[in-house]
Amino acid sequence: MLRTLRKLLSLSSCSLKEIQRNSPLMETEIVVRNSPEIPQDVLLDIFALLEIPDLMRAGSVCSSWHSAYTTICNQLELYKKPQTPCLLYTSESAGENVACLYSLAEKRVYNFTLPDPPIRSRYLVGSSHGWLVTADEKSELHLVNVATGQQIALPSVITNESVKPIFDNAGRIDKYELWDPMHDIDLDFQYIGHDMTIHALDELRDVFYHQSFIFPDPSTGSYIVVLIHGLSLQLSFARVGDCKWTLLPPGWDYQQCIYTDGLLYAFTRFGRVDTFDLTSPTFTMNTIADCMKNYIPECMYVVETPCGDLLQVRRDFEIIDTDDNKLICETKKILLYKVDMAAKELLEMKDLHDQVLFLGYNQSQSLSAKEFPQLKPNCVYFTDSESCVSKYKNYCRDIGVLNLENDTREEILPQLWCSWPNPIWLTPSLARMNWSCTNTQIDNLL
């Protein structure tokens, strides 16, 4: 039956009609006028086997199929299909508000129209659980669900303790002050004061946002957003209902985070591992490892595998100087280490066996090629990890698949149309989020 459904979707000999629905999916779909009527319960069973891009495409075929699609969207317990990550990028030819989603499962591109401000004017500073974290031209953060089109404004940047607004004569915010703590490397990173710089509204995001992470929050049934920010790479977080960012106890040089059982684990470039209990009324830092043996000082990712192992991954680059004086970073090798928290040691691994990794500005993922047969086992799918700042806007992007068995590299998409904002891995989701904070509450914080 699933094969029949896919055949109906791809039929070109039947009567065709262009339709436009109130859906973020912008594609001309096939309406099968004379196809046999399929009972709703059977349709629901079939639709539950489709990945989200294919599911949305099926929901555009006819009224009965759209009804089944709507039922699944409203009753997500009916839909438990594991989703294959997609590559999200933008294209000038597609439009300022359009996100292009390349499906690794189907080897095709889907276009989604997203709400203002235009996605091509934003920076992408993270993705997880189907949500993008974007920074607009006022350096304000938004969550965007590409599949549903839902957009949520995160707490204002001026509610972060490191950022102070500067007002013009009309009382409008004109610039930002950024207060960054300074630490002396020769004094064991002892705090020695703050450095203050002033930035235009659209320039703060160049220096303030390093990476963001979205974690499910079982205590509320929603999400927590964690932000690594500033030149000192501090941590702040916000959860559902919060109207301001909460700065976590003093720490610095954080590169990656994971969240499990109410504990936030934060990893520094020099091998220190700190934890923060985000379920506690007060947030204290507990250092569980001052330094890992064999720590990785270069570009580092932390990945939790399906079986619960913790990996640190190092990405080695080759720097290529082009004729137009631009530097190109190309991934040449991936090194794997298993984290032994008890011994505070990194144990080198030779390969991933049937596992697959996704690295970049997304929350790092480890998947099983047995569960996702469209993916290549013992391979790493990667995108750029360069800072998402405007000076790199026209650079070529480092995107591809690296086979760990022989270090061979395979391209995914041509570079010509997907350079800005930085392409990022996104795993589609139909989940919706309830996150609200009134303007009055925000005004009271200023």
# chains A, B, ... in the order shown; residues from 1 in each chain; ligands from 1
$ residues_around --residues "stretch 125-131 of chain A" --least-positions-apart "5" --cutoff "9 Å" --atoms "only C-alpha atoms" --output "JSON list (two decimals) with N, CA and C atoms, in the first residue's frame"
[["chain", "number", "residue", "atom", "x", "y", "z"],
["A", 143, "LEU", "N", 12.86, 31.37, 17.56],
["A", 143, "LEU", "CA", 12.76, 29.96, 17.21],
["A", 143, "LEU", "C", 11.81, 29.84, 16.02],
["A", 144, "VAL", "N", 12.18, 29.03, 15.04],
["A", 144, "VAL", "CA", 11.34, 28.82, 13.87],
["A", 144, "VAL", "C", 11.25, 27.32, 13.59],
["A", 145, "ASN", "N", 10.00, 26.83, 13.50],
["A", 145, "ASN", "CA", 9.77, 25.45, 13.08],
["A", 145, "ASN", "C", 9.50, 25.48, 11.58],
["A", 146, "VAL", "N", 10.41, 24.93, 10.80],
["A", 146, "VAL", "CA", 10.31, 25.02, 9.35],
["A", 146, "VAL", "C", 9.09, 24.27, 8.82],
["A", 147, "ALA", "N", 8.78, 23.12, 9.41],
["A", 147, "ALA", "CA", 7.68, 22.29, 8.91],
["A", 147, "ALA", "C", 6.31, 22.92, 9.19],
["A", 209, "TYR", "N", 26.77, 35.90, 19.58],
["A", 209, "TYR", "CA", 26.22, 34.54, 19.53],
["A", 209, "TYR", "C", 27.25, 33.55, 19.02],
["A", 210, "HIS", "N", 27.55, 32.56, 19.83],
["A", 210, "HIS", "CA", 28.45, 31.49, 19.42],
["A", 210, "HIS", "C", 27.64, 30.29, 18.93],
["A", 211, "GLN", "N", 26.77, 29.75, 19.77],
["A", 211, "GLN", "CA", 25.92, 28.64, 19.36],
["A", 211, "GLN", "C", 24.80, 28.49, 20.39],
["A", 212, "SER", "N", 23.67, 27.98, 19.92],
["A", 212, "SER", "CA", 22.54, 27.74, 20.82],
["A", 212, "SER", "C", 22.11, 26.28, 20.72],
["A", 213, "PHE", "N", 21.46, 25.81, 21.79],
["A", 213, "PHE", "CA", 21.01, 24.43, 21.88],
["A", 213, "PHE", "C", 19.57, 24.41, 22.40],
["A", 214, "ILE", "N", 18.78, 23.50, 21.90],
["A", 214, "ILE", "CA", 17.39, 23.34, 22.34],
["A", 214, "ILE", "C", 17.25, 21.94, 22.93],
["A", 215, "PHE", "N", 16.78, 21.87, 24.19],
["A", 215, "PHE", "CA", 16.65, 20.59, 24.87],
["A", 215, "PHE", "C", 15.23, 20.40, 25.37],
["A", 216, "PRO", "N", 14.67, 19.20, 25.24],
["A", 216, "PRO", "CA", 13.36, 18.93, 25.85],
["A", 216, "PRO", "C", 13.44, 19.10, 27.36],
["A", 360, "GLY", "N", 27.97, 20.23, 12.83],
["A", 360, "GLY", "CA", 27.88, 21.58, 12.29],
["A", 360, "GLY", "C", 27.35, 22.51, 13.36],
["A", 361, "TYR", "N", 26.55, 23.49, 12.96],
["A", 361, "TYR", "CA", 25.93, 24.38, 13.93],
["A", 361, "TYR", "C", 24.66, 23.80, 14.51],
["A", 362, "ASN", "N", 24.26, 22.65, 14.03],
["A", 362, "ASN", "CA", 23.15, 21.91, 14.64],
["A", 362, "ASN", "C", 23.61, 21.27, 15.93],
["A", 363, "GLN", "N", 22.65, 20.82, 16.74],
["A", 363, "GLN", "CA", 23.02, 19.99, 17.89],
["A", 363, "GLN", "C", 23.49, 18.66, 17.34],
["A", 364, "SER", "N", 24.72, 18.28, 17.66],
["A", 364, "SER", "CA", 25.32, 17.08, 17.07],
["A", 364, "SER", "C", 24.45, 15.86, 17.31],
["A", 387, "SER", "N", 32.32, 30.56, 12.53],
["A", 387, "SER", "CA", 31.41, 31.51, 13.15],
["A", 387, "SER", "C", 30.52, 32.13, 12.09],
["A", 388, "CYS", "N", 29.22, 32.24, 12.43],
["A", 388, "CYS", "CA", 28.25, 32.76, 11.45],
["A", 388, "CYS", "C", 28.31, 34.28, 11.46],
["A", 422, "ASN", "N", 24.60, 30.40, 6.85],
["A", 422, "ASN", "CA", 25.29, 29.11, 6.85],
["A", 422, "ASN", "C", 24.29, 27.96, 6.75],
["A", 424, "ILE", "N", 22.66, 24.40, 7.45],
["A", 424, "ILE", "CA", 22.63, 23.75, 8.76],
["A", 424, "ILE", "C", 21.77, 22.50, 8.66],
["A", 425, "TRP", "N", 22.12, 21.48, 9.45],
["A", 425, "TRP", "CA", 21.30, 20.26, 9.50],
["A", 425, "TRP", "C", 20.06, 20.52, 10.34],
["A", 426, "LEU", "N", 18.93, 20.02, 9.86],
["A", 426, "LEU", "CA", 17.66, 20.17, 10.57],
["A", 426, "LEU", "C", 16.88, 18.87, 10.47],
["A", 427, "THR", "N", 16.41, 18.37, 11.61],
["A", 427, "THR", "CA", 15.55, 17.19, 11.63],
["A", 427, "THR", "C", 14.11, 17.66, 11.77],
["A", 428, "PRO", "N", 13.29, 17.56, 10.71],
["A", 428, "PRO", "CA", 11.94, 18.13, 10.74],
["A", 428, "PRO", "C", 11.09, 17.57, 11.88],
["A", 429, "SER", "N", 10.18, 18.40, 12.38],
["A", 429, "SER", "CA", 9.26, 18.01, 13.45],
["A", 429, "SER", "C", 7.94, 18.75, 13.27],
["A", 430, "LEU", "N", 6.85, 18.10, 13.62],
["A", 430, "LEU", "CA", 5.53, 18.72, 13.57],
["A", 430, "LEU", "C", 5.11, 19.25, 14.94],
["A", 431, "ALA", "N", 5.99, 19.14, 15.92],
["A", 431, "ALA", "CA", 5.65, 19.59, 17.28],
["A", 431, "ALA", "C", 5.47, 21.09, 17.32]]
$ residues_around --residues "A:Glu318" --least-positions-apart "6" --cutoff "8 Å" --atoms "only C-alpha atoms" --output "list in words"
Cys329, Glu330, Thr331 and Lys332 of chain A
$ write_last_selection --atoms "N, CA and C atoms" --output "CSV table (one decimal), in the first residue's frame"
chain,number,residue,atom,x,y,z
A,329,CYS,N,38.2,26.4,4.2
A,329,CYS,CA,38.5,25.3,5.1
A,329,CYS,C,37.8,24.1,4.6
A,330,GLU,N,38.6,23.0,4.4
A,330,GLU,CA,38.0,21.8,3.9
A,330,GLU,C,38.3,20.7,4.9
A,331,THR,N,37.2,20.0,5.3
A,331,THR,CA,37.3,18.9,6.3
A,331,THR,C,38.1,17.7,5.6
A,332,LYS,N,39.2,17.3,6.2
A,332,LYS,CA,40.0,16.2,5.7
A,332,LYS,C,39.9,14.9,6.5
$ residues_around --residues "stretch 67-84 of chain A" --least-positions-apart "6" --cutoff "6 Å" --atoms "only C-alpha atoms" --output "PyMOL selection string"
chain A and resi 44+48-49+51+59
$ select_by_dssp --residues "stretch 118-277 of chain A" --states "alpha helix (DSSP H)" --output "MDAnalysis selection string"
chainID A and resid 204:208
$ residues_around --residues "A:Val356" --least-positions-apart "5" --cutoff "6 Å" --atoms "only C-alpha atoms" --output "PDB file with N, CA and C atoms, in the first residue's frame"
ATOM      1  N   SER A 366      23.883  11.460  16.600  1.00  0.00           N
ATOM      2  CA  SER A 366      24.375  10.137  16.237  1.00  0.00           C
ATOM      3  C   SER A 366      23.162   9.263  15.942  1.00  0.00           C
ATOM      4  N   LEU A 367      23.122   8.679  14.751  1.00  0.00           N
ATOM      5  CA  LEU A 367      22.003   7.840  14.337  1.00  0.00           C
ATOM      6  C   LEU A 367      22.526   6.488  13.878  1.00  0.00           C
ATOM      7  N   PRO A 377      26.562   4.103   6.578  1.00  0.00           N
ATOM      8  CA  PRO A 377      27.174   3.769   7.868  1.00  0.00           C
ATOM      9  C   PRO A 377      28.642   4.178   7.916  1.00  0.00           C
ATOM     10  N   ASN A 378      29.118   4.417   9.151  1.00  0.00           N
ATOM     11  CA  ASN A 378      30.508   4.778   9.396  1.00  0.00           C
ATOM     12  C   ASN A 378      30.907   6.039   8.624  1.00  0.00           C
ATOM     13  N   CYS A 379      29.953   6.963   8.523  1.00  0.00           N
ATOM     14  CA  CYS A 379      30.200   8.220   7.817  1.00  0.00           C
ATOM     15  C   CYS A 379      29.797   9.399   8.694  1.00  0.00           C
ATOM     16  N   VAL A 380      30.392  10.549   8.413  1.00  0.00           N
ATOM     17  CA  VAL A 380      30.066  11.790   9.112  1.00  0.00           C
ATOM     18  C   VAL A 380      29.540  12.789   8.090  1.00  0.00           C
TER      19      VAL A 380
END
$ select_by_dssp --residues "stretch 288-399 of chain A" --states "strand (DSSP E or B)" --output "MDAnalysis selection string"
chainID A and resid 288:289 293 300:304 310:321 327:340 345:349 355:359 362 365:368 379:382
$ closest_residue --among "A:Asp217, A:Asp340, A:Lys293, A:Thr287" --to "A:Asp309" --atoms "only C-alpha atoms"
A:Asp340
$ closest_residue --among "A:Pro85, A:Gly149, A:Gly230, A:Pro306" --to "A:Phe382" --atoms "only C-alpha atoms"
A:Pro85
$ residues_around --residues "A:Tyr265" --least-positions-apart "6" --cutoff "8 Å" --atoms "only C-alpha atoms" --output "PyMOL selection string"
chain A and resi 257-259+273-276
$ closest_residue --among "A:Asp136, A:Asp206, A:Asp54, A:Asp174" --to "A:Leu101" --atoms "only C-alpha atoms"
A:Asp54
$ atom_distance --atom1 "atom CA of A:Gln365" --atom2 "atom CA of A:Asp398"
17.9 Å
$ residues_around --residues "A:Asp242" --least-positions-apart "3" --cutoff "8 Å" --atoms "only C-alpha atoms" --output "JSON, numbers by chain"
{"A": [155, 238, 239, 245, 437]}
$ write_last_selection --atoms "N, CA and C atoms" --output "PDB file, in the first residue's frame"
ATOM      1  N   PRO A 155      13.457  35.532  24.639  1.00  0.00           N
ATOM      2  CA  PRO A 155      13.660  36.756  25.426  1.00  0.00           C
ATOM      3  C   PRO A 155      14.615  37.721  24.730  1.00  0.00           C
ATOM      4  N   ALA A 238      17.071  29.974  28.895  1.00  0.00           N
ATOM      5  CA  ALA A 238      15.693  30.408  29.127  1.00  0.00           C
ATOM      6  C   ALA A 238      14.794  29.201  28.911  1.00  0.00           C
ATOM      7  N   ARG A 239      13.737  29.100  29.700  1.00  0.00           N
ATOM      8  CA  ARG A 239      12.771  28.026  29.524  1.00  0.00           C
ATOM      9  C   ARG A 239      11.396  28.626  29.252  1.00  0.00           C
ATOM     10  N   TRP A 245      16.829  36.132  29.901  1.00  0.00           N
ATOM     11  CA  TRP A 245      17.851  35.105  29.951  1.00  0.00           C
ATOM     12  C   TRP A 245      18.437  35.027  31.357  1.00  0.00           C
ATOM     13  N   CYS A 437       5.493  35.603  26.366  1.00  0.00           N
ATOM     14  CA  CYS A 437       5.900  36.593  27.357  1.00  0.00           C
ATOM     15  C   CYS A 437       5.339  37.926  26.899  1.00  0.00           C
TER      16      CYS A 437
END
$ closest_residue --among "A:Arg122, A:Lys244, A:Lys107, A:His229" --to "A:Glu137" --atoms "only C-alpha atoms"
A:Arg122
$ atom_distance --atom1 "atom CA of A:Ser219" --atom2 "atom CA of A:Gly241"
13.0 Å
$ atom_distance --atom1 "atom CA of A:Gly193" --atom2 "atom CA of A:Ser232"
11.9 Å
$ residues_around --residues "A:Asp116" --least-positions-apart "5" --cutoff "10 Å" --atoms "only C-alpha atoms" --output "list in words"
Glu96, Asn97, Ser121, Asp136 and Gln151 of chain A
$ write_last_selection --atoms "C-alpha atoms" --output "compact mmCIF listing (two decimals), in the first residue's frame"
# COMPACT_ATOMS: atom_id res chain seq x y z
CA GLU A 96 14.01 36.09 0.70
CA ASN A 97 11.52 34.22 2.94
CA SER A 121 18.53 38.33 6.49
CA ASP A 136 17.54 38.92 13.11
CA GLN A 151 7.78 31.25 15.08
